[in-house]
Amino acid sequence: MTSEAARPPEPGAVPDLAALTKVVARQRAELDRLQDAAAASVVMERAKGAVMAHTGCSPDAAHEELQQRAKEAGRTLLEECWITLGSLGSPDRTAARPPRADEVTGRPPRSVPLAAEPDGEALARFGRALVRVGGPQDLARCLLEHLPPDIGADAVLIFTRLPAGGLELVGHAGVDDLLVQQWSRVPPLTGIAALDALDAGEARWLEDIRADRRRYLLIGDPAERWRTRAWLPVTTGRSADFAVGVLRRHEGPFTPGVRRHLLAAAALCAGPLRMSGIRRDAAVGAATEAVRTVFERLPGAAVLLTPLRGPAGDVEDFRIDAATTDTSDAVGRGGRELVGLRFLECWPMTSGEPLWQGCLSTLVSGRPYESEPFARQHVVAGVGELSTYSARVARLGDGLVVNWVRHDPSDRQEQRLADVQRLGKLGWANWHLAGGEVNWSSQVFAVFDRDPAQGAVPLERLPGLALPEDVPALTRAVAELTREGRPCDVPFRIAARDGIRHVRAVAEAVPDDRGNPVEVHGFVQDVTAQRSAELALVASERAVLTQHGVLQAERTVAARLQDALLPLPKQPVRLAGLRVDIAYLPAQSGLNVGGDWFSAIELPDGDALFVVGDVAGHGIDAVAAMALLRFTAKGMVITGSSLTGALGRLNALLMHSRDPHGTATMVLARYTPRERRLVWAQAGHMPPLLLRDGKARYLDRPFGVLLGAGDGARYEEAVCRLAPGDRLVLYTDGLVERPSESIDRGLERLARAAVLPGAGGSAPLDRLLGALLEPERRDDVCVLDIRVPDEGDQAEDEPAAR
């Protein structure tokens with residue numbers, strides 16, 4: 001490659017590239033038509049041979065048989081040939097045919113050919129396009145392209161069954177590379193719709209994603225990307241061994257007409273899949289797709305070429321198998337648009353240039369070729385731009401890799417270098433130690449906030465620019481660099497007009513033949529923003545640690561205060577003839593202490609009072625509100641207040657407390673042992689759970705809003721008669737609430753756990769908590785488990801409650 005500037009050809013000598021491209025395109029279209037006709041003839045001859053082998057008839061009779069079958073089924077002759085080839089080896093040839101209209105809709109069979117209907121025309125076009133399919137990957141793209149728009153298909157996947165029972169993805173279209181990698185191999189698991197379709201030999205229509213995701217493992221992340229799916233088995237032997245998936249983004253069922261069309265299209269796929277040699281083709285297709293992906297991520301302009309030879313074996317052209325995104329042809333097509341096109345179709349002028357001969361020479365000899373620089377028009381966003389290029393050709397397997405290197409003018413390179421320095425806030429510097437010559441880039445003057453008219457600073461005077469505190473370190477680094485040739489990377493600060501700047505200097509020495517430093521080059525960078533961010537991060541970390549310590553201390557104080565105000569009995573207690581188990585479990589995560597509490601006391605008249613409450617919030621304020629409500633509620637009921645009256649006064653008390661926005665929930669229950677009568681009221685709390693005769697139900701809640709919600713709140717009471725053997729559970733929301741689920745599910749879970757076998761034996765509350773609680777709890781849990789003894793039970797000497 002020479003360094004001389006390339007000159008563009010004279011305007012009069014440049015042919016019309018667009019006109020030449022159109023001529024090549026017309027020739028290419030005619031060649032494609034002839035190749036399609038020859039391929040279709042091969043398909044028909046193979047189908048005739050299959051019929052002859054099956055029936056023993058003559059070639060003419062086989063041709064007539066295929067025509068008769070196509071007429072009866074309402075298909076084109078080429079479609080029938082594909083169906084016949086796909087059903088080779090099937091015990092019943094009709095097993096591979098698409099269904100008739102009466103089999104899908106229940107209506108009488110049609111009296112007109114399938115090709116006369118709109119979907120029949122689409123199937124006929126698909127059948128003709130199949131002759132150009134080279135493997136399952138091409139088949140997937142071809143199927144997605146030829147499905148009618150009203151079907152709404154957005155992606156197509158083709159899986160083949162592996163000998164071990166799983167699935168392998170051999171063809172795909174409309175999906176990204178990440179999904180292809182994730183679903184390239186599927187183990188033989190249950191809940192895979194494609195496997196289900198293959199095992200049953202029937203199509204699976206997934207039309208309700210909420211129901212389908214409970215039954216199947218759906219492809220996609222998220223799965224809602226495709227709202228409906230169809231999995232169609234394809235038989236190419238004695239059983240269905242391919243599954244074709246059609247994925248749609250819109251909701252709605254597959255209509256009978258759409259189902260009929262998809263089943264017919266899947267049946268047409270059997271022939272190409274059988275003829276493609278799936279195991280070999282799958283590997284080749286995957287490799288080609290991988291190479292295309294690599295090319296798309298490469299910078300610059302490059303293509304991967306496969307030689308196309310004529311009857312005599314001479315290379316007539318090259319097929320483009322991969323192209324980078326920066327590659328564009330004479331008319332502006334680029335990237336994947338070039339894949340599958342001919343090299344001379346995209347760049348017609350190449351046939352008369354040395355590059356063509358270089359490609360042929362490299363293909364034969366294997367030696368790389370590099371062209372001289374040449375001028376070429378480059379199309380960017382529809383605008384032509386004349387640039388200088390050189391082309392390089394290298395052999396890769398049986399093909400070639402051609403890449404074009406664009407040579408930018410020197411002023412553009414300088415501008416890019418200046419942009420890098422400006423954006424990076426750095427500049428280069430060079431010091432000649434022997435002659436004293438100093439060269440700085442303009443950005444170095446900007447970093448040091450120095451007027452260029454003052455000139456650059458010699459290396460030995462560089463420490464004088466730093467703040468006094470940083471002068472010793474910079475002086476030592478410069479001395480080691482100039483005397484010993486030791487590279488330096490030293491930070492220091494300077495005083496600028498906008499304040500203190502943090503600067504980083506990196507330099508190395510160039511020695512002479514005796515090892516003595518004679519030149520120093522390096523760069524300086526303004527790292528003020530980075531240093532400020534580091535200092536802010538350190539300050540933030542210190543503040544977080546300080547706040548964490550404060551919160552931890554507050555939690556310790558709140559926990560001790562809670563223990564003092566809410567002592568927990570160490571064993572079950574007896575109240576008014578009832579056995580009461582009490583549990584209080586603090587949260588396992590977070591630094592704050594909650595406001596859950598309980599009371600279980602015997603009243604002066606022999607009745608029992610049970611209270612369970614929960615104050616909103618955590619910490620010292622929640623513990624203080626808990627203590628206020630707990631002791632006030634007990635005092636009001638002991639002094640003769642009704643349950644509803646106590647709730648009303650507590651609501652007013654909370655409304656006028658230190659925190660006027662604080663709220664709380666509560667259940668108050670009074671039990672009279674002579675009548676086994678339970679009177680209870682609630683303020684926005686969950687209902688008690690009653691267990692009787694092995695069944696669980698929640699008591700109907702009387703009216704009552706949470707405490708602190710507003711003035712003039714109204715509360716009502718409810719009455720429940722308890723029977724021997726009954727069990728009543730009062731609890732706070734920490735027992736049933738879990739993140740990301742409704743409270744109803746938690747209540748159902750509690751009811752199920754309470755009636756499990758063994759739940760009513762010894763230590764019933766321990767078993768209940770073990771069945772419900774997770775290791776990491778985000779909220780406190782408070783539970784009163786109240787049991788009415790059976791008639792024959794003996795009272796035990798147990799401590800009184802508080």
# chains A, B, ... in the order shown; residues from 1 in each chain; ligands from 1
call {"tool": "select_by_dssp", "arguments": {"residues": "region 654-788 of chain A", "states": "strand (DSSP E or B)", "output": "ChimeraX atom specification"}}
result
/A:664-672,677-683,689-692,695-698,704,707,715,717-721,727-731,781-787
call {"tool": "write_last_selection", "arguments": {"atoms": "N, CA and C atoms", "output": "tab-separated table (two decimals), in the first residue's frame"}}
result
chain	number	residue	atom	x	y	z
A	664	ALA	N	-53.70	2.84	64.77
A	664	ALA	CA	-53.52	1.53	65.37
A	664	ALA	C	-54.76	0.70	65.10
A	665	THR	N	-54.58	-0.63	65.10
A	665	THR	CA	-55.70	-1.57	65.02
A	665	THR	C	-55.77	-2.34	66.32
A	666	MET	N	-56.99	-2.87	66.66
A	666	MET	CA	-57.14	-3.53	67.96
A	666	MET	C	-58.36	-4.45	67.92
A	667	VAL	N	-58.26	-5.53	68.68
A	667	VAL	CA	-59.39	-6.41	68.96
A	667	VAL	C	-59.55	-6.48	70.48
A	668	LEU	N	-60.76	-6.19	70.98
A	668	LEU	CA	-61.12	-6.33	72.40
A	668	LEU	C	-62.15	-7.44	72.53
A	669	ALA	N	-61.90	-8.40	73.43
A	669	ALA	CA	-62.85	-9.50	73.62
A	669	ALA	C	-63.04	-9.75	75.12
A	670	ARG	N	-64.31	-9.89	75.56
A	670	ARG	CA	-64.64	-10.16	76.97
A	670	ARG	C	-65.39	-11.48	77.04
A	671	TYR	N	-64.86	-12.40	77.85
A	671	TYR	CA	-65.41	-13.75	77.95
A	671	TYR	C	-66.04	-13.94	79.32
A	672	THR	N	-67.33	-14.38	79.34
A	672	THR	CA	-68.06	-14.71	80.57
A	672	THR	C	-68.11	-16.22	80.72
A	677	ARG	N	-69.84	-17.11	76.97
A	677	ARG	CA	-70.25	-16.05	76.05
A	677	ARG	C	-69.08	-15.09	75.81
A	678	LEU	N	-68.77	-14.91	74.52
A	678	LEU	CA	-67.67	-14.03	74.13
A	678	LEU	C	-68.25	-12.82	73.41
A	679	VAL	N	-68.03	-11.63	73.99
A	679	VAL	CA	-68.44	-10.37	73.37
A	679	VAL	C	-67.16	-9.68	72.87
A	680	TRP	N	-67.16	-9.29	71.60
A	680	TRP	CA	-65.92	-8.69	71.08
A	680	TRP	C	-66.23	-7.53	70.14
A	681	ALA	N	-65.24	-6.65	70.00
A	681	ALA	CA	-65.32	-5.51	69.10
A	681	ALA	C	-63.93	-5.31	68.49
A	682	GLN	N	-63.91	-4.62	67.38
A	682	GLN	CA	-62.62	-4.45	66.69
A	682	GLN	C	-62.54	-3.07	66.08
A	683	ALA	N	-61.29	-2.62	65.91
A	683	ALA	CA	-61.02	-1.33	65.27
A	683	ALA	C	-60.04	-1.57	64.12
A	689	LEU	N	-60.00	-16.28	64.55
A	689	LEU	CA	-60.22	-17.56	63.88
A	689	LEU	C	-60.78	-18.55	64.90
A	690	LEU	N	-61.94	-19.13	64.62
A	690	LEU	CA	-62.58	-20.10	65.49
A	690	LEU	C	-62.43	-21.49	64.90
A	691	LEU	N	-61.92	-22.44	65.72
A	691	LEU	CA	-61.79	-23.83	65.31
A	691	LEU	C	-62.76	-24.67	66.14
A	692	ARG	N	-63.64	-25.39	65.46
A	692	ARG	CA	-64.65	-26.21	66.12
A	692	ARG	C	-64.88	-27.48	65.31
A	695	LYS	N	-62.99	-27.98	62.03
A	695	LYS	CA	-63.19	-27.00	60.97
A	695	LYS	C	-62.82	-25.61	61.47
A	696	ALA	N	-62.38	-24.76	60.53
A	696	ALA	CA	-61.96	-23.41	60.89
A	696	ALA	C	-62.81	-22.39	60.14
A	697	ARG	N	-63.20	-21.32	60.85
A	697	ARG	CA	-63.90	-20.22	60.20
A	697	ARG	C	-63.58	-18.93	60.94
A	698	TYR	N	-63.62	-17.83	60.20
A	698	TYR	CA	-63.38	-16.52	60.80
A	698	TYR	C	-64.70	-15.91	61.25
A	704	GLY	N	-66.22	-1.25	62.69
A	704	GLY	CA	-65.24	-0.52	63.47
A	704	GLY	C	-64.06	-0.13	62.62
A	707	LEU	N	-58.13	2.93	64.83
A	707	LEU	CA	-57.97	4.02	65.78
A	707	LEU	C	-57.10	5.11	65.16
A	715	TYR	N	-68.29	2.25	66.66
A	715	TYR	CA	-67.87	0.87	66.86
A	715	TYR	C	-69.06	0.04	67.32
A	717	GLU	N	-70.46	-4.15	68.60
A	717	GLU	CA	-70.04	-5.40	69.25
A	717	GLU	C	-70.66	-6.60	68.54
A	718	ALA	N	-70.04	-7.77	68.75
A	718	ALA	CA	-70.57	-9.03	68.24
A	718	ALA	C	-70.47	-10.06	69.37
A	719	VAL	N	-71.36	-11.07	69.33
A	719	VAL	CA	-71.42	-12.09	70.38
A	719	VAL	C	-71.18	-13.45	69.76
A	720	CYS	N	-70.40	-14.28	70.46
A	720	CYS	CA	-70.12	-15.64	70.00
A	720	CYS	C	-70.18	-16.57	71.21
A	721	ARG	N	-70.96	-17.67	71.09
A	721	ARG	CA	-71.03	-18.68	72.14
A	721	ARG	C	-69.97	-19.74	71.89
A	727	ARG	N	-61.48	-23.60	69.99
A	727	ARG	CA	-60.16	-22.93	70.01
A	727	ARG	C	-60.32	-21.61	69.27
A	728	LEU	N	-59.86	-20.50	69.88
A	728	LEU	CA	-59.99	-19.17	69.30
A	728	LEU	C	-58.60	-18.55	69.20
A	729	VAL	N	-58.26	-18.05	68.00
A	729	VAL	CA	-56.93	-17.49	67.76
A	729	VAL	C	-57.08	-16.01	67.45
A	730	LEU	N	-56.44	-15.15	68.31
A	730	LEU	CA	-56.32	-13.72	68.05
A	730	LEU	C	-54.88	-13.44	67.63
A	731	TYR	N	-54.64	-12.56	66.66
A	731	TYR	CA	-53.31	-12.43	66.05
A	731	TYR	C	-53.17	-11.04	65.44
A	781	VAL	N	-44.87	-10.43	65.27
A	781	VAL	CA	-45.98	-11.36	65.31
A	781	VAL	C	-46.43	-11.50	66.76
A	782	CYS	N	-47.75	-11.30	66.98
A	782	CYS	CA	-48.32	-11.45	68.31
A	782	CYS	C	-49.55	-12.35	68.18
A	783	VAL	N	-49.65	-13.43	69.01
A	783	VAL	CA	-50.73	-14.40	68.89
A	783	VAL	C	-51.23	-14.78	70.27
A	784	LEU	N	-52.58	-14.81	70.44
A	784	LEU	CA	-53.22	-15.39	71.61
A	784	LEU	C	-53.99	-16.62	71.15
A	785	ASP	N	-53.63	-17.78	71.65
A	785	ASP	CA	-54.30	-19.04	71.30
A	785	ASP	C	-55.15	-19.45	72.51
A	786	ILE	N	-56.47	-19.26	72.41
A	786	ILE	CA	-57.40	-19.47	73.54
A	786	ILE	C	-58.13	-20.78	73.31
A	787	ARG	N	-58.12	-21.69	74.33
A	787	ARG	CA	-58.77	-23.00	74.19
A	787	ARG	C	-59.78	-23.20	75.31
call {"tool": "residues_around", "arguments": {"residues": "Arg461 (chain A)", "least_positions_apart": "3", "cutoff": "10 Å", "atoms": "only C-alpha atoms", "output": "PyMOL selection string"}}
result
chain A and resi 457-458+464-465+475+478
call {"tool": "closest_residue", "arguments": {"among": "A:Val331, A:Ala600, A:Ala230, A:Met44", "to": "Leu66 (chain A)", "atoms": "only C-alpha atoms"}}
result
A:Met44
call {"tool": "residues_around", "arguments": {"residues": "region 512-522 of chain A", "least_positions_apart": "6", "cutoff": "10 Å", "atoms": "only C-alpha atoms", "output": "list of chain:residue names"}}
result
A:Gly427, A:Trp428, A:Ala429, A:Asn430, A:Trp431, A:His432, A:Leu433, A:Ala434, A:Gly435, A:Gly436, A:Glu437, A:Val438, A:Asn439, A:Trp440, A:Leu459, A:Leu481, A:Thr482, A:Arg483, A:Glu484, A:Gly485, A:Arg486, A:Pro487, A:Cys488, A:Asp489, A:Ala505, A:Val506
call {"tool": "closest_residue", "arguments": {"among": "A:Ala302, A:Leu585, A:Ala529, A:Ile620", "to": "Pro775 (chain A)", "atoms": "only C-alpha atoms"}}
result
A:Leu585
call {"tool": "residues_around", "arguments": {"residues": "region 650-652 of chain A", "least_positions_apart": "4", "cutoff": "9 Å", "atoms": "only C-alpha atoms", "output": "compact mmCIF listing (two decimals) with N, CA and C atoms, in the first residue's frame"}}
result
# COMPACT_ATOMS: atom_id res chain seq x y z
N LEU A 629 -51.88 2.76 74.70
CA LEU A 629 -53.13 2.07 74.36
C LEU A 629 -53.32 0.82 75.22
N THR A 632 -54.19 1.88 78.91
CA THR A 632 -55.44 2.62 78.96
C THR A 632 -56.63 1.71 78.66
N ALA A 633 -56.50 0.81 77.71
CA ALA A 633 -57.58 -0.11 77.38
C ALA A 633 -57.92 -0.99 78.57
N GLY A 645 -67.30 1.52 74.04
CA GLY A 645 -66.97 2.78 74.67
C GLY A 645 -65.48 2.97 74.84
N ALA A 646 -64.77 1.87 75.19
CA ALA A 646 -63.32 1.95 75.33
C ALA A 646 -62.66 2.26 73.99
N HIS A 656 -55.47 12.91 69.78
CA HIS A 656 -54.91 14.07 70.48
C HIS A 656 -53.58 13.73 71.16
N SER A 657 -52.92 12.66 70.68
CA SER A 657 -51.63 12.28 71.25
C SER A 657 -50.51 13.10 70.62
N THR A 663 -51.80 5.80 63.85
CA THR A 663 -52.98 4.94 63.81
C THR A 663 -52.64 3.61 64.46
N ALA A 664 -53.70 2.84 64.77
CA ALA A 664 -53.52 1.53 65.37
C ALA A 664 -54.76 0.70 65.10
N LEU A 706 -60.16 1.78 62.10
CA LEU A 706 -58.93 1.78 62.87
C LEU A 706 -58.83 3.03 63.72
N LEU A 707 -58.13 2.93 64.83
CA LEU A 707 -57.97 4.02 65.78
C LEU A 707 -57.10 5.11 65.16
N GLY A 708 -57.50 6.36 65.37
CA GLY A 708 -56.74 7.49 64.85
C GLY A 708 -57.13 7.90 63.45
N ALA A 709 -58.15 7.27 62.87
CA ALA A 709 -58.55 7.59 61.50
C ALA A 709 -59.35 8.88 61.43
N GLY A 710 -60.07 9.23 62.48
CA GLY A 710 -60.86 10.44 62.45
C GLY A 710 -61.74 10.56 63.68
N ASP A 711 -62.22 11.77 63.94
CA ASP A 711 -63.10 11.99 65.08
C ASP A 711 -64.47 11.38 64.83
N GLY A 712 -65.17 11.07 65.91
CA GLY A 712 -66.53 10.56 65.81
C GLY A 712 -66.64 9.17 65.24
N ALA A 713 -65.59 8.34 65.38
CA ALA A 713 -65.65 6.98 64.84
C ALA A 713 -66.69 6.15 65.60
call {"tool": "atom_distance", "arguments": {"atom1": "CA of Ser387 (chain A)", "atom2": "CA of Gly399 (chain A)"}}
result
27.5 Å
call {"tool": "residues_around", "arguments": {"residues": "region 402-407 of chain A", "least_positions_apart": "5", "cutoff": "8 Å", "atoms": "only C-alpha atoms", "output": "ChimeraX atom specification"}}
result
/A:300-305,387-394
call {"tool": "residues_around", "arguments": {"residues": "Glu79 (chain A)", "least_positions_apart": "6", "cutoff": "7 Å", "atoms": "only C-alpha atoms", "output": "list in words"}}
result
Ala124, Gly127 and Leu268 of chain A
call {"tool": "write_last_selection", "arguments": {"atoms": "C-alpha atoms", "output": "compact mmCIF listing (two decimals), in the first residue's frame"}}
result
# COMPACT_ATOMS: atom_id res chain seq x y z
CA ALA A 124 -49.15 -21.85 -2.77
CA GLY A 127 -44.81 -23.98 -1.35
CA LEU A 268 -45.76 -28.36 4.01
call {"tool": "residues_around", "arguments": {"residues": "Tyr584 (chain A)", "least_positions_apart": "2", "cutoff": "10 Å", "atoms": "only C-alpha atoms", "output": "short mmCIF file (atom, residue, chain, number, x, y, z; two decimals) with C-alpha atoms, in the first residue's frame"}}
result
data_model
loop_
_atom_site.label_atom_id
_atom_site.label_comp_id
_atom_site.auth_asym_id
_atom_site.auth_seq_id
_atom_site.Cartn_x
_atom_site.Cartn_y
_atom_site.Cartn_z
CA LEU A 566 -44.83 -6.18 77.60
CA PRO A 567 -43.56 -9.11 79.69
CA LEU A 568 -44.19 -12.49 78.06
CA PRO A 569 -45.36 -15.49 80.19
CA ILE A 582 -49.23 -16.49 74.17
CA PRO A 586 -40.05 -9.68 66.96
CA ALA A 587 -39.17 -9.09 63.30
CA ASP A 596 -47.57 -5.13 68.40
CA TRP A 597 -48.96 -5.93 71.84
CA PHE A 598 -51.38 -8.14 73.78
CA TYR A 731 -53.31 -12.43 66.05
CA THR A 732 -51.62 -9.45 64.41
CA ASP A 780 -43.61 -8.48 64.56
CA VAL A 781 -45.98 -11.36 65.31
CA CYS A 782 -48.32 -11.45 68.31
CA VAL A 783 -50.73 -14.40 68.89
CA LEU A 784 -53.22 -15.39 71.61
#
